[in-house]
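Structure data (TSV, C-alpha atoms) from query_39.tsv:
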```tsv
chain	number	residue	atom	x	y	z
U	1	MET	CA	122.14	-101.84	24.04
U	2	LEU	CA	122.84	-98.30	22.96
U	3	VAL	CA	121.37	-96.32	20.09
U	4	PHE	CA	123.19	-93.11	19.19
U	5	GLY	CA	121.72	-90.21	17.24
U	6	LEU	CA	123.96	-87.32	16.23
U	7	PHE	CA	123.30	-84.14	14.29
U	8	SER	CA	124.92	-80.74	14.02
U	9	SER	CA	124.67	-77.49	12.11
U	10	LYS	CA	126.71	-74.30	11.99
U	11	LEU	CA	126.03	-70.63	11.34
U	12	ILE	CA	129.06	-68.38	10.75
U	13	ALA	CA	129.21	-64.58	10.74
U	14	GLN	CA	132.02	-63.25	8.54
U	15	VAL	CA	133.71	-59.97	7.72
U	16	GLY	CA	134.78	-58.77	4.28
U	17	ASN	CA	137.96	-60.85	4.07
U	18	ASP	CA	136.00	-64.09	4.69
U	19	THR	CA	137.57	-64.55	8.12
U	20	PRO	CA	135.11	-66.14	10.61
U	21	VAL	CA	134.37	-63.80	13.53
U	22	ILE	CA	131.43	-65.37	15.33
U	23	LYS	CA	130.36	-68.99	14.89
U	24	LEU	CA	127.18	-70.60	16.20
U	25	THR	CA	127.08	-74.39	16.43
U	26	VAL	CA	123.96	-76.33	17.35
U	27	SER	CA	124.38	-80.04	18.08
U	28	GLY	CA	122.31	-82.88	19.46
U	29	TYR	CA	123.01	-86.26	21.00
U	30	THR	CA	120.89	-89.07	22.40
U	31	GLU	CA	121.42	-92.58	23.72
U	32	ALA	CA	118.77	-95.21	24.45
U	33	TYR	CA	119.19	-98.47	26.35
U	34	PHE	CA	117.45	-101.62	27.46
U	35	VAL	CA	118.80	-103.61	30.42
U	36	THR	CA	117.81	-107.02	31.71
U	37	ASP	CA	119.23	-107.77	35.15
U	38	PHE	CA	118.73	-111.47	35.93
U	39	LYS	CA	119.06	-110.85	39.68
U	40	HIS	CA	116.28	-108.24	39.68
U	41	THR	CA	112.89	-109.31	38.37
U	42	GLN	CA	111.12	-106.05	39.11
U	43	LYS	CA	110.96	-103.14	36.69
U	44	GLY	CA	112.47	-99.81	37.75
U	45	GLU	CA	115.68	-98.58	39.38
U	46	ARG	CA	118.43	-101.19	39.73
U	47	GLN	CA	120.96	-99.71	42.19
U	48	THR	CA	120.90	-96.59	44.35
U	49	PHE	CA	124.63	-95.90	43.82
U	50	TYR	CA	124.52	-96.08	40.01
U	51	TYR	CA	123.45	-93.20	37.75
U	52	ASN	CA	123.73	-94.46	34.17
U	53	TYR	CA	121.59	-97.18	32.53
U	54	ASN	CA	119.85	-97.65	35.86
U	55	ARG	CA	116.41	-98.96	34.81
U	56	ASN	CA	115.59	-102.65	34.62
U	57	LYS	CA	113.42	-104.21	31.91
U	58	GLN	CA	112.50	-100.82	30.44
U	59	LEU	CA	113.39	-99.14	27.16
U	60	GLN	CA	114.67	-95.74	28.29
U	61	PHE	CA	116.75	-92.76	27.18
U	62	ASN	CA	119.82	-92.42	29.37
U	63	GLN	CA	120.65	-88.89	28.19
U	64	SER	CA	119.46	-86.64	25.37
U	65	ILE	CA	121.38	-83.39	24.81
U	66	LEU	CA	120.77	-80.20	22.86
U	67	LYS	CA	123.84	-77.94	22.86
U	68	PHE	CA	124.46	-74.37	21.66
U	69	ASN	CA	127.99	-73.02	21.24
U	70	ILE	CA	128.89	-69.44	20.28
U	71	SER	CA	132.59	-68.83	19.64
U	72	SER	CA	134.81	-65.96	18.56
U	73	PRO	CA	138.61	-65.69	18.49
U	74	LYS	CA	138.85	-65.02	22.27
U	75	ILE	CA	135.44	-65.88	23.76
U	76	ALA	CA	133.31	-69.02	23.69
U	77	MET	CA	129.94	-69.65	25.36
U	78	ASN	CA	128.22	-72.98	25.87
U	79	LEU	CA	124.67	-73.87	26.84
U	80	ALA	CA	123.65	-77.53	26.90
U	81	LEU	CA	120.29	-78.88	28.06
U	82	HIS	CA	119.62	-82.54	28.78
U	83	ALA	CA	117.00	-85.02	29.95
U	84	GLY	CA	116.82	-88.77	30.66
U	85	THR	CA	117.17	-91.29	33.46
U	86	TYR	CA	120.78	-90.17	34.09
U	87	VAL	CA	119.44	-86.69	34.79
U	88	GLN	CA	116.72	-88.03	37.09
U	89	ASP	CA	119.24	-89.98	39.17
U	90	ASN	CA	122.37	-87.82	39.23
U	91	TYR	CA	120.55	-84.47	39.57
U	92	ALA	CA	117.95	-85.63	42.09
U	93	SER	CA	118.96	-82.96	44.64
U	94	ALA	CA	118.93	-80.08	42.12
U	95	SER	CA	115.90	-77.91	41.43
U	96	ASN	CA	113.56	-78.87	38.59
U	97	PHE	CA	114.99	-76.06	36.45
U	98	ALA	CA	118.69	-76.57	37.26
U	99	LYS	CA	118.72	-80.34	36.76
U	100	HIS	CA	118.14	-79.94	33.02
U	101	ILE	CA	121.31	-77.82	32.57
U	102	LEU	CA	124.30	-79.91	31.52
U	103	GLU	CA	126.57	-76.94	30.71
U	104	ALA	CA	126.25	-73.16	31.04
U	105	ASN	CA	129.62	-71.46	30.86
U	106	ILE	CA	131.78	-68.81	29.24
U	107	ASN	CA	135.43	-69.29	28.28
U	108	ILE	CA	137.64	-66.19	27.86
U	109	ALA	CA	141.24	-65.94	26.64
U	110	LEU	CA	143.05	-63.55	28.99
U	111	ASN	CA	146.07	-62.83	26.79
U	112	ASN	CA	146.83	-62.38	23.09
U	113	LYS	CA	148.82	-65.61	22.91
U	114	LYS	CA	145.73	-67.53	24.12
U	115	THR	CA	147.73	-69.45	26.69
U	116	ILE	CA	145.69	-68.30	29.74
U	117	TYR	CA	141.94	-68.90	29.96
U	118	LEU	CA	139.20	-68.18	32.46
U	119	THR	CA	136.15	-70.46	32.43
U	120	ALA	CA	133.12	-69.63	34.58
U	121	GLY	CA	129.83	-71.45	35.12
U	122	ILE	CA	128.71	-75.07	35.00
U	123	ILE	CA	131.53	-77.07	33.41
U	124	PRO	CA	132.51	-80.74	32.92
U	125	SER	CA	134.42	-82.26	35.83
U	126	HIS	CA	138.21	-82.07	35.87
U	127	LEU	CA	138.36	-85.46	37.63
U	128	GLY	CA	138.66	-88.72	35.70
U	129	PHE	CA	138.81	-89.77	32.06
U	130	GLU	CA	135.10	-90.62	31.62
U	131	SER	CA	132.12	-88.34	31.00
U	132	SER	CA	128.39	-88.96	31.14
U	133	VAL	CA	128.31	-89.15	27.32
U	134	ALA	CA	128.88	-92.77	26.32
U	135	PHE	CA	130.02	-91.81	22.81
U	136	ASP	CA	133.12	-90.14	24.31
U	137	ASN	CA	134.12	-93.09	26.51
U	138	TRP	CA	135.96	-96.34	25.96
U	139	ASN	CA	133.65	-98.32	28.22
U	140	LEU	CA	130.08	-99.16	27.25
U	141	THR	CA	129.04	-98.49	30.85
U	142	ARG	CA	130.62	-96.17	33.41
U	143	SER	CA	133.21	-97.32	35.95
U	144	LEU	CA	132.52	-97.08	39.68
U	145	LEU	CA	135.28	-94.43	39.86
U	146	ALA	CA	133.31	-92.26	37.44
U	147	GLU	CA	129.95	-92.92	39.12
U	148	GLN	CA	131.25	-91.93	42.57
U	149	SER	CA	133.06	-88.75	41.50
U	150	PRO	CA	131.66	-85.55	39.92
U	151	TYR	CA	130.42	-85.49	36.34
U	152	TYR	CA	130.05	-81.68	36.49
U	153	GLU	CA	131.25	-78.75	38.59
U	154	THR	CA	130.19	-75.14	39.13
U	155	GLY	CA	132.65	-72.30	39.66
U	156	LEU	CA	135.77	-70.72	38.16
U	157	LYS	CA	138.59	-72.43	36.32
U	158	PHE	CA	141.90	-70.78	35.39
U	159	THR	CA	143.86	-72.66	32.72
U	160	TYR	CA	147.44	-72.09	31.60
U	161	LYS	CA	148.57	-73.96	28.49
U	162	PRO	CA	152.07	-72.79	27.50
U	163	ASN	CA	152.34	-75.34	24.69
U	164	GLU	CA	150.83	-78.57	23.37
U	165	LYS	CA	152.69	-80.69	25.93
U	166	TYR	CA	151.60	-79.10	29.21
U	167	GLU	CA	148.37	-77.80	30.70
U	168	PHE	CA	147.82	-76.49	34.24
U	169	ALA	CA	144.52	-75.52	35.86
U	170	THR	CA	143.26	-74.28	39.23
U	171	LEU	CA	139.58	-74.33	40.18
U	172	PHE	CA	137.36	-72.56	42.74
U	173	LEU	CA	134.12	-74.52	43.06
U	174	ASN	CA	130.75	-74.54	44.83
U	175	GLY	CA	131.45	-78.05	46.09
U	176	TRP	CA	131.43	-81.70	45.16
U	177	GLN	CA	129.13	-81.73	42.10
U	178	LYS	CA	126.81	-78.91	43.26
U	179	MET	CA	124.97	-76.30	41.21
U	180	GLN	CA	125.07	-73.92	44.18
U	181	ARG	CA	126.36	-73.87	47.71
U	182	THR	CA	124.14	-75.30	50.41
U	183	PRO	CA	123.16	-73.25	53.53
U	184	ASN	CA	125.94	-72.82	56.14
U	185	GLU	CA	128.57	-73.83	53.59
U	186	GLU	CA	130.68	-70.69	53.56
U	187	GLN	CA	133.96	-71.97	52.18
U	188	PRO	CA	134.52	-72.72	48.48
U	189	SER	CA	136.11	-75.95	47.31
U	190	TYR	CA	139.36	-76.11	45.37
U	191	GLY	CA	140.80	-78.17	42.56
U	192	LEU	CA	144.06	-78.64	40.70
U	193	GLN	CA	144.83	-80.30	37.37
U	194	ILE	CA	148.19	-81.01	35.73
U	195	GLN	CA	148.32	-82.71	32.33
U	196	CYS	CA	151.45	-83.67	30.44
U	197	LYS	CA	151.74	-85.09	26.91
U	198	PRO	CA	155.41	-85.97	26.41
U	199	SER	CA	154.54	-87.53	23.04
U	200	ASN	CA	151.56	-88.08	20.76
U	201	LYS	CA	151.18	-91.57	22.22
U	202	LEU	CA	151.33	-90.77	25.95
U	203	THR	CA	149.16	-88.64	28.28
U	204	VAL	CA	149.69	-88.30	32.04
U	205	ASN	CA	147.07	-86.50	34.16
U	206	TYR	CA	146.86	-85.65	37.86
U	207	SER	CA	143.82	-83.91	39.35
U	208	ASN	CA	142.62	-83.32	42.90
U	209	PHE	CA	139.74	-81.86	44.90
U	210	PHE	CA	139.64	-80.34	48.39
U	211	GLY	CA	136.48	-79.13	50.07
U	212	GLN	CA	133.74	-79.64	52.64
U	213	THR	CA	131.56	-82.75	52.51
U	214	GLN	CA	128.84	-81.67	54.96
U	215	PRO	CA	127.87	-78.07	55.87
U	216	ASP	CA	127.31	-78.67	59.59
U	217	THR	CA	128.91	-77.54	62.84
U	218	THR	CA	131.52	-80.31	62.66
U	219	THR	CA	133.29	-79.55	59.41
U	220	ILE	CA	134.48	-82.60	57.51
U	221	TYR	CA	136.75	-82.22	54.49
U	222	ARG	CA	137.34	-84.41	51.47
U	223	LEU	CA	140.74	-84.65	49.78
U	224	TYR	CA	140.39	-86.59	46.53
U	225	HIS	CA	143.23	-87.57	44.20
U	226	ASN	CA	142.84	-88.72	40.60
U	227	LEU	CA	145.75	-90.04	38.52
U	228	TYR	CA	145.63	-91.69	35.11
U	229	LEU	CA	147.93	-92.54	32.23
U	230	ILE	CA	146.81	-93.11	28.63
U	231	SER	CA	149.24	-94.94	26.33
U	232	GLU	CA	148.66	-95.58	22.63
U	233	LEU	CA	150.19	-98.96	21.90
U	234	ASN	CA	149.52	-98.80	18.16
U	235	THR	CA	146.98	-97.34	15.73
U	236	LYS	CA	144.24	-99.72	16.94
U	237	SER	CA	145.03	-100.30	20.63
U	238	SER	CA	145.51	-98.11	23.69
U	239	ILE	CA	145.55	-98.68	27.44
U	240	ILE	CA	144.46	-96.57	30.42
U	241	LEU	CA	145.95	-97.03	33.91
U	242	ALA	CA	144.03	-95.14	36.60
U	243	CYS	CA	144.11	-94.75	40.37
U	244	ASP	CA	141.73	-92.69	42.54
```

What is this file in C-alpha coordinates?
Amino acid sequence: MLVFGLFSSKLIAQVGNDTPVIKLTVSGYTEAYFVTDFKHTQKGERQTFYYNYNRNKQLQFNQSILKFNISSPKIAMNLALHAGTYVQDNYASASNFAKHILEANINIALNNKKTIYLTAGIIPSHLGFESSVAFDNWNLTRSLLAEQSPYYETGLKFTYKPNEKYEFATLFLNGWQKMQRTPNEEQPSYGLQIQCKPSNKLTVNYSNFFGQTQPDTTTIYRLYHNLYLISELNTKSSIILACD
(Lines of atoms letter the chains of each structure in order from A and count residues from 1; the text may use other names and numbers.)
(Lines give C-alpha, C1' and ligand atoms only; values in the text may rest on other atoms or scores of the structure.)
Protein backbone atom coordinates (compact mmCIF):
# COMPACT_ATOMS: atom_id res chain seq x y z
CA MET A 1 0.00 0.00 0.00
CA LEU A 2 1.24 3.46 -0.82
CA VAL A 3 0.31 6.79 0.75
CA PHE A 4 1.40 9.87 -1.18
CA GLY A 5 1.76 13.36 0.26
CA LEU A 6 2.52 16.26 -2.06
CA PHE A 7 2.99 19.96 -1.44
CA SER A 8 4.71 22.82 -3.23
CA SER A 9 5.21 26.56 -3.02
CA LYS A 10 6.87 29.16 -5.22
CA LEU A 11 8.66 32.45 -4.70
CA ILE A 12 9.29 34.59 -7.80
CA ALA A 13 11.58 37.60 -8.16
CA GLN A 14 10.41 40.00 -10.88
CA VAL A 15 11.61 43.10 -12.68
CA GLY A 16 9.54 46.16 -13.57
CA ASN A 17 7.82 44.63 -16.61
CA ASP A 18 6.51 41.69 -14.52
CA THR A 19 8.79 39.23 -16.30
CA PRO A 20 10.00 36.45 -13.94
CA VAL A 21 13.80 36.51 -13.54
CA ILE A 22 14.52 34.18 -10.64
CA LYS A 23 12.07 31.58 -9.35
CA LEU A 24 12.40 29.51 -6.18
CA THR A 25 10.29 26.37 -5.89
CA VAL A 26 10.10 24.27 -2.74
CA SER A 27 8.38 20.89 -3.01
CA GLY A 28 7.93 17.80 -0.89
CA TYR A 29 7.01 14.18 -1.50
CA THR A 30 6.59 11.10 0.66
CA GLU A 31 5.45 7.52 0.23
CA ALA A 32 4.66 5.00 2.97
CA TYR A 33 4.13 1.26 2.59
CA PHE A 34 3.24 -1.92 4.42
CA VAL A 35 4.25 -5.30 2.98
CA THR A 36 3.27 -8.79 4.07
CA ASP A 37 5.40 -11.48 2.45
CA PHE A 38 3.81 -14.89 3.09
CA LYS A 39 7.11 -16.69 2.47
CA HIS A 40 8.95 -14.63 5.09
CA THR A 41 7.56 -14.67 8.62
CA GLN A 42 10.29 -12.54 10.16
CA LYS A 43 10.17 -8.76 10.32
CA GLY A 44 12.89 -6.77 8.56
CA GLU A 45 14.64 -6.80 5.19
CA ARG A 46 13.08 -9.08 2.57
CA GLN A 47 15.71 -9.42 -0.21
CA THR A 48 19.31 -8.27 -0.47
CA PHE A 49 18.98 -7.40 -4.19
CA TYR A 50 15.88 -5.21 -3.80
CA TYR A 51 15.95 -1.55 -2.74
CA ASN A 52 12.33 -0.36 -2.69
CA TYR A 53 9.57 -1.51 -0.30
CA ASN A 54 12.06 -3.91 1.23
CA ARG A 55 10.75 -4.30 4.80
CA ASN A 56 8.43 -7.10 5.83
CA LYS A 57 5.53 -6.68 8.27
CA GLN A 58 6.52 -3.10 9.11
CA LEU A 59 4.88 0.23 8.35
CA GLN A 60 7.72 2.24 6.81
CA PHE A 61 8.48 5.27 4.66
CA ASN A 62 10.14 4.19 1.43
CA GLN A 63 11.29 7.70 0.49
CA SER A 64 10.54 11.22 1.74
CA ILE A 65 11.91 14.12 -0.30
CA LEU A 66 12.37 17.84 0.26
CA LYS A 67 13.48 19.63 -2.92
CA PHE A 68 14.64 23.19 -3.65
CA ASN A 69 14.82 24.52 -7.21
CA ILE A 70 16.17 27.93 -8.24
CA SER A 71 15.71 28.80 -11.91
CA SER A 72 16.41 31.74 -14.20
CA PRO A 73 16.18 31.99 -18.00
CA LYS A 74 19.55 30.20 -18.53
CA ILE A 75 20.50 28.61 -15.20
CA ALA A 76 18.72 26.17 -12.90
CA MET A 77 19.95 24.66 -9.62
CA ASN A 78 18.48 21.70 -7.76
CA LEU A 79 19.02 20.41 -4.25
CA ALA A 80 16.92 17.48 -3.03
CA LEU A 81 17.31 15.71 0.31
CA HIS A 82 15.71 12.37 1.13
CA ALA A 83 15.36 9.69 3.78
CA GLY A 84 13.65 6.30 4.12
CA THR A 85 14.28 2.59 3.72
CA TYR A 86 15.15 3.08 0.02
CA VAL A 87 17.94 5.41 1.11
CA GLN A 88 19.17 2.95 3.73
CA ASP A 89 19.40 0.13 1.18
CA ASN A 90 20.48 1.80 -2.06
CA TYR A 91 22.96 4.24 -0.46
CA ALA A 92 24.47 1.79 2.02
CA SER A 93 28.01 2.33 0.69
CA ALA A 94 27.78 6.16 0.74
CA SER A 95 28.83 8.30 3.69
CA ASN A 96 26.21 9.28 6.27
CA PHE A 97 26.11 12.81 4.84
CA ALA A 98 26.11 11.91 1.13
CA LYS A 99 23.42 9.23 1.34
CA HIS A 100 20.77 11.83 2.16
CA ILE A 101 21.42 13.78 -1.09
CA LEU A 102 19.06 12.78 -3.88
CA GLU A 103 20.03 15.62 -6.24
CA ALA A 104 22.62 18.41 -6.15
CA ASN A 105 23.21 19.86 -9.59
CA ILE A 106 23.36 22.94 -11.77
CA ASN A 107 21.98 23.15 -15.32
CA ILE A 108 23.34 25.86 -17.66
CA ALA A 109 22.21 26.80 -21.17
CA LEU A 110 25.37 27.25 -23.27
CA ASN A 111 23.80 29.17 -26.17
CA ASN A 112 21.09 31.78 -26.69
CA LYS A 113 18.80 29.33 -28.48
CA LYS A 114 18.86 27.08 -25.38
CA THR A 115 19.54 23.99 -27.44
CA ILE A 116 22.82 23.04 -25.70
CA TYR A 117 22.97 22.42 -21.94
CA LEU A 118 25.62 21.47 -19.42
CA THR A 119 24.48 19.69 -16.26
CA ALA A 120 26.95 19.03 -13.44
CA GLY A 121 26.56 17.26 -10.10
CA ILE A 122 24.35 14.47 -8.77
CA ILE A 123 21.63 13.86 -11.36
CA PRO A 124 18.93 11.25 -12.11
CA SER A 125 20.13 8.27 -14.13
CA HIS A 126 19.93 8.40 -17.92
CA LEU A 127 19.24 4.64 -18.00
CA GLY A 128 15.71 3.24 -17.99
CA PHE A 129 12.19 4.63 -17.83
CA GLU A 130 11.65 4.23 -14.05
CA SER A 131 12.82 6.42 -11.17
CA SER A 132 12.89 5.85 -7.43
CA VAL A 133 9.76 8.03 -7.07
CA ALA A 134 6.72 5.78 -7.37
CA PHE A 135 4.44 8.68 -8.31
CA ASP A 136 6.36 9.09 -11.60
CA ASN A 137 6.21 5.41 -12.58
CA TRP A 138 3.63 3.17 -14.19
CA ASN A 139 4.41 0.22 -11.94
CA LEU A 140 3.45 0.15 -8.28
CA THR A 141 6.79 -1.52 -7.53
CA ARG A 142 10.08 -1.26 -9.41
CA SER A 143 11.15 -3.71 -12.11
CA LEU A 144 14.30 -5.80 -11.69
CA LEU A 145 15.81 -3.82 -14.59
CA ALA A 146 15.40 -0.62 -12.58
CA GLU A 147 16.62 -2.17 -9.32
CA GLN A 148 19.83 -3.50 -10.91
CA SER A 149 20.76 -0.33 -12.82
CA PRO A 150 21.59 3.17 -11.48
CA TYR A 151 18.92 5.41 -10.00
CA TYR A 152 21.38 8.33 -9.85
CA GLU A 153 24.72 9.37 -11.36
CA THR A 154 27.44 11.89 -10.53
CA GLY A 155 29.37 13.81 -13.18
CA LEU A 156 28.87 15.98 -16.26
CA LYS A 157 26.13 15.75 -18.85
CA PHE A 158 26.11 17.62 -22.18
CA THR A 159 22.69 17.76 -23.83
CA TYR A 160 21.83 18.89 -27.36
CA LYS A 161 18.14 19.32 -28.16
CA PRO A 162 17.76 20.85 -31.65
CA ASN A 163 13.96 20.55 -31.58
CA GLU A 164 11.09 18.80 -29.81
CA LYS A 165 11.65 15.56 -31.72
CA TYR A 166 15.31 14.81 -30.95
CA GLU A 167 17.56 14.93 -27.91
CA PHE A 168 21.19 13.80 -27.68
CA ALA A 169 23.36 13.58 -24.56
CA THR A 170 26.88 12.50 -23.60
CA LEU A 171 27.92 11.88 -20.00
CA PHE A 172 31.21 11.72 -18.07
CA LEU A 173 30.56 9.98 -14.76
CA ASN A 174 32.24 8.88 -11.53
CA GLY A 175 31.04 5.33 -12.11
CA TRP A 176 28.08 3.01 -11.83
CA GLN A 177 25.86 4.86 -9.32
CA LYS A 178 28.69 6.38 -7.25
CA MET A 179 28.83 9.70 -5.42
CA GLN A 180 32.62 9.77 -5.85
CA ARG A 181 35.31 7.65 -7.39
CA THR A 182 36.77 4.87 -5.28
CA PRO A 183 40.56 4.58 -4.64
CA ASN A 184 42.63 3.33 -7.61
CA GLU A 185 39.77 4.08 -10.00
CA GLU A 186 41.48 6.59 -12.27
CA GLN A 187 39.32 6.42 -15.37
CA PRO A 188 35.89 8.08 -15.63
CA SER A 189 32.86 6.24 -16.96
CA TYR A 190 30.95 7.30 -20.05
CA GLY A 191 27.35 7.39 -21.17
CA LEU A 192 25.31 8.15 -24.27
CA GLN A 193 21.61 8.87 -24.71
CA ILE A 194 19.58 9.32 -27.90
CA GLN A 195 15.86 10.04 -27.70
CA CYS A 196 13.50 10.44 -30.63
CA LYS A 197 9.83 11.47 -30.60
CA PRO A 198 8.58 11.09 -34.17
CA SER A 199 5.05 11.92 -32.99
CA ASN A 200 3.18 12.88 -29.82
CA LYS A 201 2.24 9.22 -29.36
CA LEU A 202 5.65 7.57 -29.81
CA THR A 203 8.98 7.84 -27.93
CA VAL A 204 12.10 5.80 -28.74
CA ASN A 205 15.10 5.94 -26.38
CA TYR A 206 18.55 4.34 -26.47
CA SER A 207 21.06 4.80 -23.64
CA ASN A 208 24.33 3.10 -22.73
CA PHE A 209 27.04 3.04 -20.08
CA PHE A 210 30.73 2.10 -20.31
CA GLY A 211 33.07 2.03 -17.34
CA GLN A 212 35.02 0.06 -14.77
CA THR A 213 33.23 -2.31 -12.41
CA GLN A 214 36.05 -2.96 -9.94
CA PRO A 215 39.05 -0.67 -9.24
CA ASP A 216 41.67 -3.41 -8.90
CA THR A 217 44.77 -4.51 -10.79
CA THR A 218 42.71 -6.60 -13.22
CA THR A 219 40.46 -4.00 -14.80
CA ILE A 220 36.99 -5.26 -15.68
CA TYR A 221 34.65 -3.11 -17.75
CA ARG A 222 30.88 -3.00 -18.01
CA LEU A 223 29.10 -2.16 -21.26
CA TYR A 224 25.39 -1.70 -20.58
CA HIS A 225 22.70 -1.06 -23.20
CA ASN A 226 19.20 0.24 -22.50
CA LEU A 227 16.50 0.47 -25.17
CA TYR A 228 12.82 1.24 -24.72
CA LEU A 229 9.82 2.33 -26.77
CA ILE A 230 6.73 4.08 -25.37
CA SER A 231 3.60 4.04 -27.52
CA GLU A 232 0.34 5.80 -26.66
CA LEU A 233 -2.43 3.57 -27.95
CA ASN A 234 -5.22 5.98 -27.02
CA THR A 235 -6.02 8.63 -24.41
CA LYS A 236 -6.27 6.01 -21.63
CA SER A 237 -3.79 3.29 -22.64
CA SER A 238 -0.08 3.15 -23.45
CA ILE A 239 2.52 0.41 -23.72
CA ILE A 240 6.25 0.25 -22.97
CA LEU A 241 8.59 -2.24 -24.67
CA ALA A 242 12.03 -2.40 -23.04
CA CYS A 243 15.23 -4.39 -23.41
CA ASP A 244 18.40 -4.09 -21.31

Answer as a ChimeraX atom specification, residues within 7 Å of (146.5, -69.7, 28.8) using all atoms listed in the file: /U:109,114-117,159-162

Atom pair atom CA of Lys23 of chain U / atom CA of Ala104 of chain U: separation (Å):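 Taking atom CA of Lys23 of chain U and atom CA of Ala104 of chain U, their separation equals 17.2 Å.
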
Counting all atoms listed in the file, the residue of U:Gln212, U:Ser207, U:Asn52, U:Thr119 that sits nearest Ser131 of chain U: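 Among U:Gln212, U:Ser207, U:Asn52, U:Thr119, it is U:Asn52 that comes nearest to Ser131 of chain U.
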
Pick from U:Trp138, U:Phe210, U:Asn78, U:Leu192, whichever lies nearest to Ile230 of chain U using only C-alpha atoms: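 Comparing U:Trp138, U:Phe210, U:Asn78, U:Leu192 against Ile230 of chain U, the winner is U:Trp138.
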
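Among U:Arg142, U:Lys201, U:Arg55, U:Lys99, the residue with the shortest atom-to-atom distance to Asn234 of chain U, counting all atoms listed in the file, is U:Lys201.
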
Pick from U:Asn200, U:Thr30, U:Asn107, U:Gln63 nearest to Phe158 of chain U, counting all atoms listed in the file: U:Asn107

U:Ser27, U:Ile122, U:Asn56, U:Val133 ranked by distance to Lys39 of chain U, top pick (using all atoms listed in the file):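 Using all atoms listed in the file, Lys39 of chain U sits closest to U:Asn56.
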
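For the atom pair formed by atom CA of Ile239 of chain U and atom CA of Tyr53 of chain U, the distance is 24.5 Å, given to one decimal.
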